[in-house]
Structures are given as C-alpha cells and as structure tokens.
>>> print(open('work-v9.txt').read())   # compact mmCIF, C-alpha atoms
# COMPACT_ATOMS: atom_id res chain seq x y z
CA MET A 1 43.23 -19.65 23.35
CA THR A 2 40.49 -18.08 25.36
CA LEU A 3 36.93 -19.00 26.11
CA ARG A 4 34.14 -17.15 24.42
CA VAL A 5 31.57 -16.69 27.15
CA GLU A 6 27.94 -15.66 26.91
CA LEU A 7 25.63 -15.17 29.84
CA VAL A 8 22.05 -14.86 28.64
CA SER A 9 18.67 -14.53 30.29
CA PRO A 10 15.27 -14.70 28.54
CA THR A 11 15.08 -10.94 28.31
CA GLU A 12 18.64 -9.92 27.48
CA ARG A 13 22.24 -10.90 26.85
CA VAL A 14 23.71 -10.05 30.22
CA TRP A 15 27.38 -10.42 29.50
CA SER A 16 29.51 -11.65 26.66
CA GLY A 17 33.21 -11.60 26.06
CA GLU A 18 36.49 -13.45 26.34
CA ALA A 19 37.55 -15.26 29.47
CA THR A 20 40.26 -17.59 30.68
CA SER A 21 38.02 -19.68 32.90
CA VAL A 22 34.48 -19.96 34.20
CA SER A 23 33.30 -21.51 37.42
CA ALA A 24 29.74 -22.35 38.33
CA ARG A 25 27.76 -24.59 40.64
CA THR A 26 25.92 -27.51 39.07
CA ILE A 27 23.63 -30.07 40.68
CA GLU A 28 26.63 -32.29 41.27
CA GLY A 29 28.88 -29.61 42.68
CA ASP A 30 31.17 -26.78 41.67
CA ILE A 31 32.70 -26.98 38.25
CA GLY A 32 35.47 -25.02 36.61
CA VAL A 33 35.82 -24.72 32.87
CA LEU A 34 39.15 -23.93 31.26
CA THR A 35 39.97 -23.73 27.57
CA ASP A 36 39.70 -26.88 25.49
CA HIS A 37 37.19 -28.39 27.88
CA SER A 38 35.29 -31.32 26.41
CA PRO A 39 31.68 -30.61 25.37
CA LEU A 40 29.58 -30.45 28.49
CA PHE A 41 26.01 -29.66 29.34
CA GLY A 42 25.20 -29.12 32.98
CA VAL A 43 22.24 -28.08 35.06
CA LEU A 44 23.00 -25.20 37.42
CA VAL A 45 21.58 -24.66 40.87
CA ASP A 46 21.09 -21.30 42.58
CA GLY A 47 24.51 -19.88 43.20
CA GLN A 48 27.35 -17.86 41.88
CA VAL A 49 28.84 -17.90 38.42
CA VAL A 50 32.33 -16.44 38.23
CA ILE A 51 33.83 -15.48 34.90
CA HIS A 52 37.58 -14.83 34.96
CA GLY A 53 38.08 -12.32 32.19
CA THR A 54 41.17 -12.19 30.01
CA ASN A 55 42.11 -8.81 31.49
CA GLY A 56 42.37 -10.31 34.97
CA GLU A 57 39.01 -9.00 36.02
CA ASN A 58 36.53 -11.31 37.68
CA LYS A 59 32.86 -11.00 36.95
CA GLU A 60 30.48 -12.49 39.45
CA PHE A 61 26.81 -13.17 38.89
CA ASN A 62 24.24 -14.67 41.19
CA VAL A 63 22.03 -16.88 39.09
CA SER A 64 18.89 -18.74 40.05
CA GLY A 65 19.08 -22.05 38.27
CA GLY A 66 19.93 -22.46 34.63
CA PHE A 67 22.23 -24.33 32.30
CA LEU A 68 25.85 -24.34 31.37
CA SER A 69 26.90 -25.52 27.96
CA VAL A 70 30.47 -25.87 26.78
CA SER A 71 31.63 -26.74 23.29
CA ASN A 72 34.55 -25.67 21.09
CA ASN A 73 35.76 -23.13 23.63
CA ARG A 74 32.33 -21.54 23.68
CA VAL A 75 30.62 -21.32 27.03
CA SER A 76 26.96 -20.37 27.24
CA ILE A 77 25.30 -19.83 30.54
CA LEU A 78 21.53 -19.72 30.35
CA THR A 79 19.66 -18.53 33.35
CA GLU A 80 16.17 -17.45 34.10
CA SER A 81 17.09 -14.57 36.36
CA ILE A 82 20.17 -12.84 37.63
CA LYS A 83 20.23 -11.17 40.98
CA MET B 84 -25.57 30.89 9.42
CA GLY B 85 -27.72 28.44 7.52
CA ALA B 86 -28.79 25.16 9.06
CA GLN B 87 -27.03 23.11 6.40
CA LEU B 88 -23.73 24.91 6.90
CA ARG B 89 -23.96 24.53 10.65
CA ILE B 90 -24.44 20.76 10.36
CA TYR B 91 -21.42 20.42 8.07
CA ARG B 92 -19.26 22.45 10.46
CA ARG B 93 -20.37 20.30 13.36
CA ARG B 94 -19.50 17.07 11.55
CA MET B 95 -16.09 18.48 10.60
CA ARG B 96 -15.37 19.31 14.22
CA SER B 97 -16.20 15.78 15.33
CA VAL B 98 -14.14 14.18 12.54
CA LYS B 99 -11.21 16.43 13.45
CA ALA B 100 -11.41 15.34 17.07
CA THR B 101 -11.43 11.67 16.02
CA LYS B 102 -8.49 12.29 13.73
CA LYS B 103 -6.48 13.73 16.60
CA ILE B 104 -7.08 10.58 18.63
CA THR B 105 -6.26 8.15 15.82
CA LYS B 106 -3.15 10.12 14.91
CA ALA B 107 -1.97 9.98 18.51
CA MET B 108 -2.61 6.23 18.68
CA GLU B 109 -0.74 5.74 15.43
CA LEU B 110 2.31 7.55 16.78
CA ILE B 111 2.21 5.70 20.09
CA SER B 112 2.01 2.33 18.32
CA ALA B 113 4.81 3.27 15.94
CA SER B 114 7.12 4.00 18.86
CA ARG B 115 6.09 0.82 20.64
CA ILE B 116 6.79 -1.44 17.65
CA VAL B 117 10.45 -0.52 17.85
CA LYS B 118 10.55 -1.33 21.54
CA ALA B 119 8.70 -4.61 20.98
CA GLN B 120 11.07 -5.54 18.16
CA GLN B 121 14.03 -4.89 20.41
CA ARG B 122 12.52 -7.18 23.02
CA VAL B 123 12.10 -9.94 20.43
CA ALA B 124 15.73 -9.47 19.42
CA ALA B 125 16.89 -9.48 23.05
CA SER B 126 15.13 -12.76 23.73
CA THR B 127 16.61 -14.60 20.74
CA PRO B 128 20.08 -15.48 22.13
CA TYR B 129 18.46 -17.35 25.02
CA ALA B 130 15.92 -19.07 22.78
CA ASN B 131 18.62 -20.04 20.27
CA GLU B 132 20.90 -21.49 22.92
CA LEU B 133 18.03 -23.48 24.38
CA THR B 134 16.98 -24.79 20.98
CA ARG B 135 20.56 -25.84 20.31
CA ALA B 136 20.77 -27.57 23.65
CA VAL B 137 17.44 -29.35 23.24
CA SER B 138 18.41 -30.55 19.76
CA ALA B 139 21.73 -31.81 21.11
CA VAL B 140 20.17 -33.68 24.01
CA ALA B 141 17.33 -35.05 21.91
CA SER B 142 19.60 -36.28 19.13
CA TYR B 143 22.40 -37.74 21.26
CA SER B 144 20.55 -39.49 23.99
CA SER B 145 18.17 -42.36 23.76
CA THR B 146 16.25 -41.40 26.87
CA ALA B 147 12.53 -41.41 26.29
CA HIS B 148 11.02 -38.40 27.96
CA PRO B 149 7.29 -37.82 28.38
CA LEU B 150 7.68 -34.43 26.76
CA THR B 151 9.28 -35.78 23.58
CA THR B 152 7.36 -38.97 22.96
CA ALA B 153 4.08 -38.74 21.10
CA ASP B 154 1.09 -40.54 22.55
CA GLU B 155 0.07 -43.37 20.22
CA ASN B 156 -3.57 -42.81 20.92
CA PRO B 157 -4.08 -39.08 21.46
CA LYS B 158 -7.41 -38.04 22.96
CA ARG B 159 -7.20 -34.35 23.66
CA ALA B 160 -5.27 -31.39 22.32
CA ALA B 161 -4.73 -27.98 23.87
CA ILE B 162 -4.64 -24.86 21.74
CA LEU B 163 -2.99 -21.75 23.09
CA ILE B 164 -4.31 -18.71 21.25
CA ILE B 165 -2.47 -15.44 21.69
CA SER B 166 -4.64 -12.40 20.95
CA SER B 167 -4.69 -8.81 22.16
CA ASP B 168 -6.31 -7.17 25.15
CA ARG B 169 -7.47 -4.11 23.29
CA GLY B 170 -9.10 -3.54 19.95
CA MET B 171 -8.35 -0.75 17.43
CA ALA B 172 -5.84 -3.05 15.75
CA GLY B 173 -7.74 -3.96 12.62
CA ALA B 174 -8.12 -7.69 12.07
CA TYR B 175 -5.19 -8.62 14.33
CA SER B 176 -7.07 -10.54 17.01
CA ASN B 177 -9.63 -11.88 14.55
CA ASN B 178 -6.93 -13.40 12.39
CA ALA B 179 -5.42 -15.23 15.33
CA ILE B 180 -8.82 -16.45 16.53
CA LYS B 181 -9.75 -17.63 13.01
CA GLU B 182 -6.44 -19.46 12.67
CA GLY B 183 -7.29 -21.11 15.98
CA GLU B 184 -10.72 -22.12 14.69
CA GLN B 185 -9.18 -23.73 11.63
CA LEU B 186 -6.69 -25.62 13.72
CA ALA B 187 -9.46 -26.75 16.07
CA ALA B 188 -11.50 -28.03 13.11
CA LEU B 189 -8.46 -29.92 11.84
CA LEU B 190 -7.86 -31.49 15.24
CA ARG B 191 -11.52 -32.47 15.60
CA GLU B 192 -11.30 -34.19 12.24
CA ARG B 193 -8.54 -36.32 13.71
CA GLY B 194 -10.92 -37.25 16.51
CA LEU B 195 -9.34 -35.11 19.19
CA GLU B 196 -11.13 -33.11 21.81
CA VAL B 197 -9.95 -29.49 21.75
CA LYS B 198 -9.14 -27.53 24.89
CA PRO B 199 -8.69 -23.82 24.34
CA TYR B 200 -6.23 -21.83 26.43
CA LEU B 201 -6.61 -18.13 25.73
CA VAL B 202 -4.32 -15.15 26.12
CA GLY B 203 -5.81 -11.68 25.67
CA ARG B 204 -9.23 -10.23 26.35
CA LYS B 205 -10.30 -10.38 22.71
CA ALA B 206 -10.03 -14.16 22.46
CA VAL B 207 -11.63 -14.59 25.87
CA GLY B 208 -14.50 -12.32 24.83
CA TYR B 209 -14.98 -14.25 21.60
CA TYR B 210 -15.23 -17.57 23.43
CA LYS B 211 -17.37 -16.22 26.28
CA PHE B 212 -19.85 -14.65 23.87
CA ARG B 213 -20.31 -18.02 22.17
CA GLU B 214 -20.55 -19.68 25.57
CA ARG B 215 -17.73 -22.06 24.79
CA PHE B 216 -15.60 -23.93 27.23
CA ILE B 217 -12.32 -22.22 28.20
CA ALA B 218 -9.61 -24.38 29.73
CA GLY B 219 -7.44 -21.46 30.81
CA GLN B 220 -7.28 -17.73 30.30
CA TRP B 221 -4.80 -14.94 30.93
CA THR B 222 -5.34 -11.26 30.25
CA GLY B 223 -3.75 -7.90 30.85
CA PHE B 224 -0.29 -8.26 29.39
CA SER B 225 -0.72 -8.65 25.65
CA ASP B 226 1.11 -5.46 24.66
CA SER B 227 4.18 -6.04 26.82
CA PRO B 228 4.44 -9.60 28.11
CA THR B 229 7.06 -10.46 30.71
CA TYR B 230 8.84 -13.75 31.13
CA GLU B 231 6.81 -14.38 34.27
CA ASN B 232 3.62 -14.23 32.19
CA ALA B 233 5.00 -16.79 29.76
CA LYS B 234 6.08 -18.97 32.67
CA GLU B 235 2.61 -18.88 34.19
CA VAL B 236 1.02 -19.96 30.91
CA ALA B 237 3.67 -22.60 30.27
CA ASP B 238 3.29 -24.03 33.77
CA SER B 239 -0.39 -24.79 33.39
CA LEU B 240 0.09 -26.17 29.87
CA ILE B 241 2.91 -28.47 30.93
CA LYS B 242 0.86 -29.59 33.91
CA ALA B 243 -2.03 -30.51 31.61
CA PHE B 244 0.38 -32.28 29.26
CA VAL B 245 2.08 -34.31 31.95
CA ALA B 246 -1.27 -35.45 33.39
CA ASP B 247 -2.39 -38.79 31.98
CA SER B 248 -5.14 -38.14 29.45
CA GLU B 249 -6.56 -41.64 29.92
CA VAL B 250 -7.64 -41.05 33.49
CA ASP B 251 -7.49 -37.30 33.98
CA PRO B 252 -10.07 -35.28 32.01
CA ALA B 253 -7.77 -32.25 32.25
CA GLY B 254 -4.86 -34.08 30.63
CA VAL B 255 -3.92 -33.33 27.03
CA ASP B 256 -1.72 -35.21 24.57
CA GLU B 257 -0.77 -32.38 22.26
CA ILE B 258 -0.18 -28.67 22.66
CA HIS B 259 -0.52 -26.29 19.76
CA ILE B 260 0.16 -22.59 19.76
CA VAL B 261 -1.47 -19.92 17.60
CA PHE B 262 0.33 -16.62 17.47
CA THR B 263 1.07 -13.80 15.06
CA GLU B 264 4.50 -13.96 13.55
CA PHE B 265 6.20 -10.60 13.15
CA LYS B 266 7.89 -10.72 9.77
CA SER B 267 8.32 -7.02 9.15
CA MET B 268 6.59 -3.72 9.87
CA LEU B 269 4.18 -4.53 7.05
CA ILE B 270 3.81 -8.29 7.19
CA GLN B 271 2.47 -10.21 10.15
CA ASN B 272 1.09 -13.71 9.81
CA ALA B 273 -1.18 -15.54 12.17
CA MET B 274 0.18 -19.06 12.34
CA ALA B 275 -0.33 -22.31 14.19
CA LYS B 276 2.47 -24.57 15.36
CA ARG B 277 2.67 -27.75 17.34
CA MET B 278 4.65 -27.25 20.50
CA LEU B 279 4.37 -30.62 22.22
CA PRO B 280 5.30 -33.37 21.56
CA LEU B 281 8.44 -31.62 20.45
CA GLU B 282 9.41 -31.03 16.90
CA VAL B 283 12.88 -29.86 17.68
CA VAL B 284 13.92 -29.65 14.06
CA GLU B 285 12.05 -26.50 13.27
CA SER B 286 13.58 -23.37 14.68
CA ASP B 287 13.71 -19.74 13.67
CA ALA B 288 17.46 -19.66 14.10
CA PRO B 289 19.77 -20.61 11.25
CA ALA B 290 20.89 -24.21 11.64
CA PRO B 291 24.04 -24.46 13.74
CA THR B 292 27.02 -24.97 11.52
CA GLY B 293 28.47 -28.43 11.46
CA LEU B 294 27.60 -31.29 13.69
CA LEU B 295 26.37 -30.76 17.19
CA PRO B 296 29.07 -31.69 19.71
CA MET B 297 28.86 -34.92 21.67
CA TYR B 298 27.91 -33.43 24.97
CA GLU B 299 28.73 -34.92 28.27
CA PHE B 300 25.70 -34.48 30.48
CA GLU B 301 25.92 -33.48 34.07
CA PRO B 302 24.53 -35.27 36.02
CA ASN B 303 22.88 -37.30 33.21
CA ALA B 304 20.81 -36.85 30.08
CA ALA B 305 17.48 -37.63 31.76
CA VAL B 306 17.90 -35.00 34.48
CA VAL B 307 19.11 -32.47 31.94
CA LEU B 308 16.05 -33.11 29.76
CA ASP B 309 13.76 -32.81 32.76
CA ALA B 310 15.20 -29.41 33.56
CA LEU B 311 15.58 -28.28 29.98
CA LEU B 312 12.22 -28.99 28.40
CA PRO B 313 10.01 -26.83 30.60
CA ARG B 314 12.44 -23.94 30.08
CA TYR B 315 12.33 -24.58 26.36
CA ILE B 316 8.54 -24.45 26.30
CA GLU B 317 8.58 -21.27 28.37
CA ALA B 318 11.07 -19.69 26.00
CA ARG B 319 8.97 -20.70 22.99
CA ILE B 320 5.80 -19.25 24.52
CA PHE B 321 7.66 -16.12 25.58
CA ASN B 322 9.01 -15.65 22.08
CA ALA B 323 5.54 -16.17 20.58
CA MET B 324 4.09 -13.61 23.01
CA LEU B 325 6.76 -11.05 22.17
CA GLN B 326 6.27 -11.52 18.44
CA SER B 327 2.53 -11.24 18.89
CA ALA B 328 2.98 -8.05 20.88
CA ALA B 329 5.12 -6.55 18.12
CA SER B 330 2.55 -7.65 15.55
CA GLU B 331 -0.24 -6.14 17.62
CA HIS B 332 1.46 -2.75 17.66
CA ALA B 333 2.18 -2.97 13.94
CA ALA B 334 -1.44 -3.90 13.20
CA ARG B 335 -2.69 -1.08 15.41
CA ARG B 336 -0.39 1.42 13.76
CA ARG B 337 -1.65 0.39 10.35
CA ALA B 338 -5.31 0.48 11.40
CA MET B 339 -4.87 3.89 12.98
CA LYS B 340 -2.99 5.21 9.97
CA SER B 341 -5.84 4.29 7.64
CA ALA B 342 -8.33 5.75 10.15
CA THR B 343 -6.36 9.01 10.10
CA ASP B 344 -6.23 8.97 6.31
CA ASN B 345 -9.96 8.36 6.13
CA ALA B 346 -10.58 11.23 8.54
CA ASP B 347 -8.46 13.45 6.26
CA ASP B 348 -10.55 12.48 3.23
CA LEU B 349 -13.74 13.03 5.15
CA ILE B 350 -12.62 16.47 6.32
CA LYS B 351 -11.72 17.40 2.77
CA SER B 352 -15.07 16.41 1.31
CA LEU B 353 -16.94 18.01 4.20
CA THR B 354 -15.01 21.24 3.63
CA ARG B 355 -16.08 21.20 -0.01
CA LEU B 356 -19.70 20.60 0.95
CA ALA B 357 -19.57 23.34 3.58
CA ASN B 358 -18.09 25.78 1.05
CA ALA B 359 -20.79 24.92 -1.44
CA ALA B 360 -23.46 25.38 1.22
CA ARG B 361 -22.01 28.75 2.22
CA GLN B 362 -21.85 29.84 -1.39
CA ALA B 363 -25.43 28.74 -2.01
CA GLU B 364 -26.52 30.73 1.01
CA ILE B 365 -24.79 33.86 -0.25
CA THR B 366 -26.23 33.42 -3.73
CA GLN B 367 -29.65 33.05 -2.26
CA GLU B 368 -29.26 36.16 -0.12
CA ILE B 369 -28.13 38.17 -3.14
CA SER B 370 -31.01 36.99 -5.27
CA GLU B 371 -33.38 37.79 -2.41
CA ILE B 372 -32.01 41.33 -2.16
CA VAL B 373 -32.11 41.81 -5.91
CA GLY B 374 -35.61 40.37 -6.02
CA GLY B 375 -36.69 42.65 -3.17
CA ALA B 376 -35.19 45.70 -4.83
CA ASP B 377 -36.89 44.77 -8.10
CA ALA B 378 -40.22 44.38 -6.39
CA LEU B 379 -39.81 47.77 -4.66
CA ALA B 380 -38.80 49.41 -7.90
CA SER B 381 -41.72 47.98 -9.85
CA ALA B 382 -44.13 48.80 -7.01
CA SER B 383 -43.04 52.46 -6.88
CA ALA B 384 -43.07 52.63 -10.69
CA GLY B 385 -46.66 51.36 -10.79
CA SER B 386 -47.91 53.93 -8.18
CA GLU B 387 -46.79 56.91 -10.23
>>> encode(input="work-v9.txt", output="structure tokens")
Amino acid sequence: MTLRVELVSPTERVWSGEATSVSARTIEGDIGVLTDHSPLFGVLVDGQVVIHGTNGENKEFNVSGGFLSVSNNRVSILTESIK
Amino acid sequence: MGAQLRIYRRRMRSVKATKKITKAMELISASRIVKAQQRVAASTPYANELTRAVSAVASYSSTAHPLTTADENPKRAAILIISSDRGMAGAYSNNAIKEGEQLAALLRERGLEVKPYLVGRKAVGYYKFRERFIAGQWTGFSDSPTYENAKEVADSLIKAFVADSEVDPAGVDEIHIVFTEFKSMLIQNAMAKRMLPLEVVESDAPAPTGLLPMYEFEPNAAVVLDALLPRYIEARIFNAMLQSAASEHAARRRAMKSATDNADDLIKSLTRLANAARQAEITQEISEIVGGADALASASAGSE
C-alpha cells in the first residue's frame, strides 16, 4: 500500500503522486503520516513538508500555513503559498 | 466624384476601421477565455478539498462557530457584487448588477439593511452615479484576479461579519455574493448565493462518495474551524472571481463578434449604395453629354 498524496494551492495542483510517507509541521508539532493512518485533519504552520516518494526520492516544499488531511490512504495538503 | 459617393466612401472607411478594432478584441477575448477557464480548473482541486474538509468538520463536531451559526435576529446583510472593470462586454456587468438589485430588494423585504461591496469599475460607477452608499470597493483586477485580490476582499467581509451587528454599525449578519457563473462558452448566468452563515451542503463538486471519514482534529475541532473557515470563504470568493472573469471574456467575445458581424452587414449595404450612387452619376453624365450633343445638333440644324 502506498499513500496517494496531493499538494494543492489555490492556483494550481503543485504535486500529486504516490508516496510511502509524508511529514509536516502542525500547530502541535511535527507529524509523520504512514500508510493506514487514521483519518486526521491538522492545521499546518509555516515550515517544511517532506513527501517520501515511492521511488526513494524525497520532495521538499516550504509551505506557509495550510492544512493536512488524511483519510483512506489519501493525503491532501492544502496551502496558500509555496516558497 | 459626386458628393453622395464621397460620403458613402467615407462612412465605409470609418466602419472598416471599427470592424478592425472589434475583430481584434474578439480574438483577444477568445484567447483569454481559454486561459481563464484553465485558471478556474486549476483552482478547483483546492476548493474541492476545502469544501470536503469544511463539510467534515461541520458535520462531525458540535462546536458552534460564529461563522456557521445564523444570527436569530439579523439586522444587516452584505452583498458582494462582482462586475467588470471595462465595458464592451454586452450586458455582462448589467446582468450582475441587476441580479444584485433583485437580491437587495429581497433582503430589504426581510427587513435587512443592505451593505454593498463592489468589485469592478462598472458596479462602482453604477452606484456612484446614483449616489448610493458603498461599503467597500475594489477595482483593477476583474479580467485576471489573483488569490491576493480574493483574500483582500474576503478579509474585509469576514471582518464585517465577525463584528457584532448590535453595537457596530459596520457589522453584518449575512454575506451574499453575486457573480456570473461560467457554464460554457455560450452560457453564463448571473447568480446570487449566500456565503455566510455557511450552507456547506451546496458545492459545485460532485458529492464525495460514501461517508465522510471520522476525522481526528489536530489540535481540536474549534481551532481547525477557526483556521479553515476564512480560507474557505477566500477560496469561494476566488472561485467566483475566476468564473466571473471567464464569463466576462466570453461575454466580450460574443459582443465583439456581433459588432464585427454588424460592421460586415453595414459595409455590404454601404457598398451597394455607393455602387448605385456611382452608377447614377455615370448615367447622369451620359445623359448630359447626349443632351448637350442633341442641343448642339439641333442648334446647328436650325441655323442652316
């Protein structure tokens, strides 16, 4: 099983694809999401989102605030802007 | 050249010049519709995800949030009207403004005071000319709005909504939006929707399949709602602005196409008239020559 990840901003879909894990920084601290994570909705603070792709490649994005939603091995990261 | 013919030629030249301009505007708008449509499409994943999230939070948490609860005794309502900055788009702006007027009448019937927030020079001009009160106005970005523009508008609307309408004369209890929905290249509808208090149920996206998951909220549902709702409003306004922009280009393309067609018709009929005038002139010249020759002939015949 892999995670289906989408990183979207108001103006475009920045990245989408399969990943083994995602880590991001929420208000309460860093969080890592692996497959079969329970449904979660978190508020992100300014910081880095790292997507560990299935091919071993890591994608890093600097986001300014946003949301992370996890359900049924689908991860959506919504952010207003990506630096 | 006869005077009549000269006038026809002059009118043809001016119509041809106008036609060149309208044709160019038609082509420009046609190319911009595609771009505007792409922007609408690009903004949908974000809007859909947000709608999904808001529905999930709203349906699985009992937290009462000022942005979701309706005031029992509403006093004032804000209307956000999205029109264009420039004309030459047929009835596009007028339709939106009229839809706004109807909505305002409806709200006044319910005993609410209406506060207009206007986007686009056309709506601002309409209200200024009638010396009406304007609660807020933004101009200069109607044909290609950015997210920052939507954010700016949303910020002042949310601020007015959060303010207590009982004590603050700037506070409003409801926010409605009037924009032009882009259905297709040919169909655009001006429509009014209530934005706040939220009606989460309605969304442009197909309903998510199955039940929404029981989310765990981090840190908690109230904080998530606080952060989520302003973004949701921004995304809604942004989407409305993008659709309106696409509609504006479509309306302009159509208006300019019919202007070009009219110019074509006009040129055709003027050409006919000019030909007739030229022919009449020639006929007259011939009959003058023949008449002159006749007169000469009869004069010389009489002298002999």
>>> residues_around(input="work-v9.txt", residues="Phe321 (chain B)", least_positions_apart="3", cutoff="9 Å", atoms="only C-alpha atoms", output="PyMOL selection string")
(chain A and resi 10) or (chain B and resi 126+228-234+237+316-318+324-326)
>>> residues_around(input="work-v9.txt", residues="region 70-78 of chain A", least_positions_apart="3", cutoff="6 Å", atoms="all atoms listed in the file", output="list in words")
Leu3, Arg4, Val5, Glu6, Leu7, Val8, Ser9, Thr35, Asp36, Pro39, Leu40, Gly66 and Phe67 of chain A
>>> atom_distance(input="work-v9.txt", atom1="CA of Glu214 (chain B)", atom2="CA of Asp251 (chain B)")
23.5 Å
>>> interface_residues(input="work-v9.txt", of="chain B", to="chain A", cutoff="10 Å", atoms="only C-alpha atoms", output="PDB file with C-alpha atoms, keeping the file's coordinate frame")
ATOM      1  CA  GLN B 121      14.030  -4.890  20.410  1.00  0.00           C
ATOM      2  CA  ARG B 122      12.520  -7.180  23.020  1.00  0.00           C
ATOM      3  CA  VAL B 123      12.100  -9.940  20.430  1.00  0.00           C
ATOM      4  CA  ALA B 124      15.730  -9.470  19.420  1.00  0.00           C
ATOM      5  CA  ALA B 125      16.890  -9.480  23.050  1.00  0.00           C
ATOM      6  CA  SER B 126      15.130 -12.760  23.730  1.00  0.00           C
ATOM      7  CA  THR B 127      16.610 -14.600  20.740  1.00  0.00           C
ATOM      8  CA  PRO B 128      20.080 -15.480  22.130  1.00  0.00           C
ATOM      9  CA  TYR B 129      18.460 -17.350  25.020  1.00  0.00           C
ATOM     10  CA  ALA B 130      15.920 -19.070  22.780  1.00  0.00           C
ATOM     11  CA  GLU B 132      20.900 -21.490  22.920  1.00  0.00           C
ATOM     12  CA  LEU B 133      18.030 -23.480  24.380  1.00  0.00           C
ATOM     13  CA  ARG B 135      20.560 -25.840  20.310  1.00  0.00           C
ATOM     14  CA  ALA B 136      20.770 -27.570  23.650  1.00  0.00           C
ATOM     15  CA  ALA B 139      21.730 -31.810  21.110  1.00  0.00           C
ATOM     16  CA  VAL B 140      20.170 -33.680  24.010  1.00  0.00           C
ATOM     17  CA  THR B 229       7.060 -10.460  30.710  1.00  0.00           C
ATOM     18  CA  TYR B 230       8.840 -13.750  31.130  1.00  0.00           C
ATOM     19  CA  GLU B 231       6.810 -14.380  34.270  1.00  0.00           C
ATOM     20  CA  LEU B 295      26.370 -30.760  17.190  1.00  0.00           C
ATOM     21  CA  PRO B 296      29.070 -31.690  19.710  1.00  0.00           C
ATOM     22  CA  MET B 297      28.860 -34.920  21.670  1.00  0.00           C
ATOM     23  CA  TYR B 298      27.910 -33.430  24.970  1.00  0.00           C
ATOM     24  CA  GLU B 299      28.730 -34.920  28.270  1.00  0.00           C
ATOM     25  CA  PHE B 300      25.700 -34.480  30.480  1.00  0.00           C
ATOM     26  CA  GLU B 301      25.920 -33.480  34.070  1.00  0.00           C
ATOM     27  CA  PRO B 302      24.530 -35.270  36.020  1.00  0.00           C
ATOM     28  CA  ASN B 303      22.880 -37.300  33.210  1.00  0.00           C
ATOM     29  CA  ALA B 304      20.810 -36.850  30.080  1.00  0.00           C
ATOM     30  CA  VAL B 306      17.900 -35.000  34.480  1.00  0.00           C
ATOM     31  CA  VAL B 307      19.110 -32.470  31.940  1.00  0.00           C
ATOM     32  CA  LEU B 308      16.050 -33.110  29.760  1.00  0.00           C
ATOM     33  CA  ASP B 309      13.760 -32.810  32.760  1.00  0.00           C
ATOM     34  CA  ALA B 310      15.200 -29.410  33.560  1.00  0.00           C
ATOM     35  CA  LEU B 311      15.580 -28.280  29.980  1.00  0.00           C
ATOM     36  CA  ARG B 314      12.440 -23.940  30.080  1.00  0.00           C
ATOM     37  CA  GLU B 317       8.580 -21.270  28.370  1.00  0.00           C
ATOM     38  CA  ALA B 318      11.070 -19.690  26.000  1.00  0.00           C
ATOM     39  CA  PHE B 321       7.660 -16.120  25.580  1.00  0.00           C
ATOM     40  CA  ASN B 322       9.010 -15.650  22.080  1.00  0.00           C
TER      41      ASN B 322
END
>>> residues_near_point(input="work-v9.txt", point="(-9.1, -36.1, 20.5)", cutoff="12 Å", atoms="all atoms listed in the file", output="ChimeraX atom specification")
/B:154-161,187-198,248-249,252,254-258
>>> closest_residue(input="work-v9.txt", among="B:Ala273, B:Phe244, B:Arg337, B:Gln220", to="Leu186 (chain B)", atoms="all atoms listed in the file")
B:Ala273
>>> decode(input="work-v9.txt", residues="region 299-329 of chain B", atoms="C-alpha atoms", output="PDB file, in the first residue's frame")
ATOM      1  CA  GLU B 299      -9.299  13.303  14.297  1.00  0.00           C
ATOM      2  CA  PHE B 300      -8.645  17.002  14.639  1.00  0.00           C
ATOM      3  CA  GLU B 301      -5.284  18.408  15.454  1.00  0.00           C
ATOM      4  CA  PRO B 302      -5.164  20.259  17.801  1.00  0.00           C
ATOM      5  CA  ASN B 303      -9.000  20.344  18.111  1.00  0.00           C
ATOM      6  CA  ALA B 304     -12.106  20.967  16.061  1.00  0.00           C
ATOM      7  CA  ALA B 305     -12.557  24.568  17.197  1.00  0.00           C
ATOM      8  CA  VAL B 306      -9.044  25.633  16.195  1.00  0.00           C
ATOM      9  CA  VAL B 307      -9.349  23.794  12.909  1.00  0.00           C
ATOM     10  CA  LEU B 308     -12.634  25.565  12.149  1.00  0.00           C
ATOM     11  CA  ASP B 309     -11.117  28.911  13.062  1.00  0.00           C
ATOM     12  CA  ALA B 310      -8.314  28.355  10.589  1.00  0.00           C
ATOM     13  CA  LEU B 311     -10.432  26.657   7.964  1.00  0.00           C
ATOM     14  CA  LEU B 312     -13.407  28.945   7.522  1.00  0.00           C
ATOM     15  CA  PRO B 313     -11.623  32.120   6.432  1.00  0.00           C
ATOM     16  CA  ARG B 314      -9.673  30.052   3.878  1.00  0.00           C
ATOM     17  CA  TYR B 315     -12.918  28.527   2.703  1.00  0.00           C
ATOM     18  CA  ILE B 316     -14.503  31.943   2.189  1.00  0.00           C
ATOM     19  CA  GLU B 317     -11.397  33.141   0.364  1.00  0.00           C
ATOM     20  CA  ALA B 318     -11.472  30.105  -1.889  1.00  0.00           C
ATOM     21  CA  ARG B 319     -15.181  30.628  -2.613  1.00  0.00           C
ATOM     22  CA  ILE B 320     -14.645  34.291  -3.487  1.00  0.00           C
ATOM     23  CA  PHE B 321     -11.590  33.430  -5.560  1.00  0.00           C
ATOM     24  CA  ASN B 322     -13.537  30.814  -7.473  1.00  0.00           C
ATOM     25  CA  ALA B 323     -16.412  33.265  -8.052  1.00  0.00           C
ATOM     26  CA  MET B 324     -13.942  35.877  -9.316  1.00  0.00           C
ATOM     27  CA  LEU B 325     -12.293  33.429 -11.698  1.00  0.00           C
ATOM     28  CA  GLN B 326     -15.631  32.270 -13.063  1.00  0.00           C
ATOM     29  CA  SER B 327     -16.728  35.863 -13.470  1.00  0.00           C
ATOM     30  CA  ALA B 328     -13.502  36.664 -15.307  1.00  0.00           C
ATOM     31  CA  ALA B 329     -14.068  33.765 -17.703  1.00  0.00           C
TER      32      ALA B 329
END
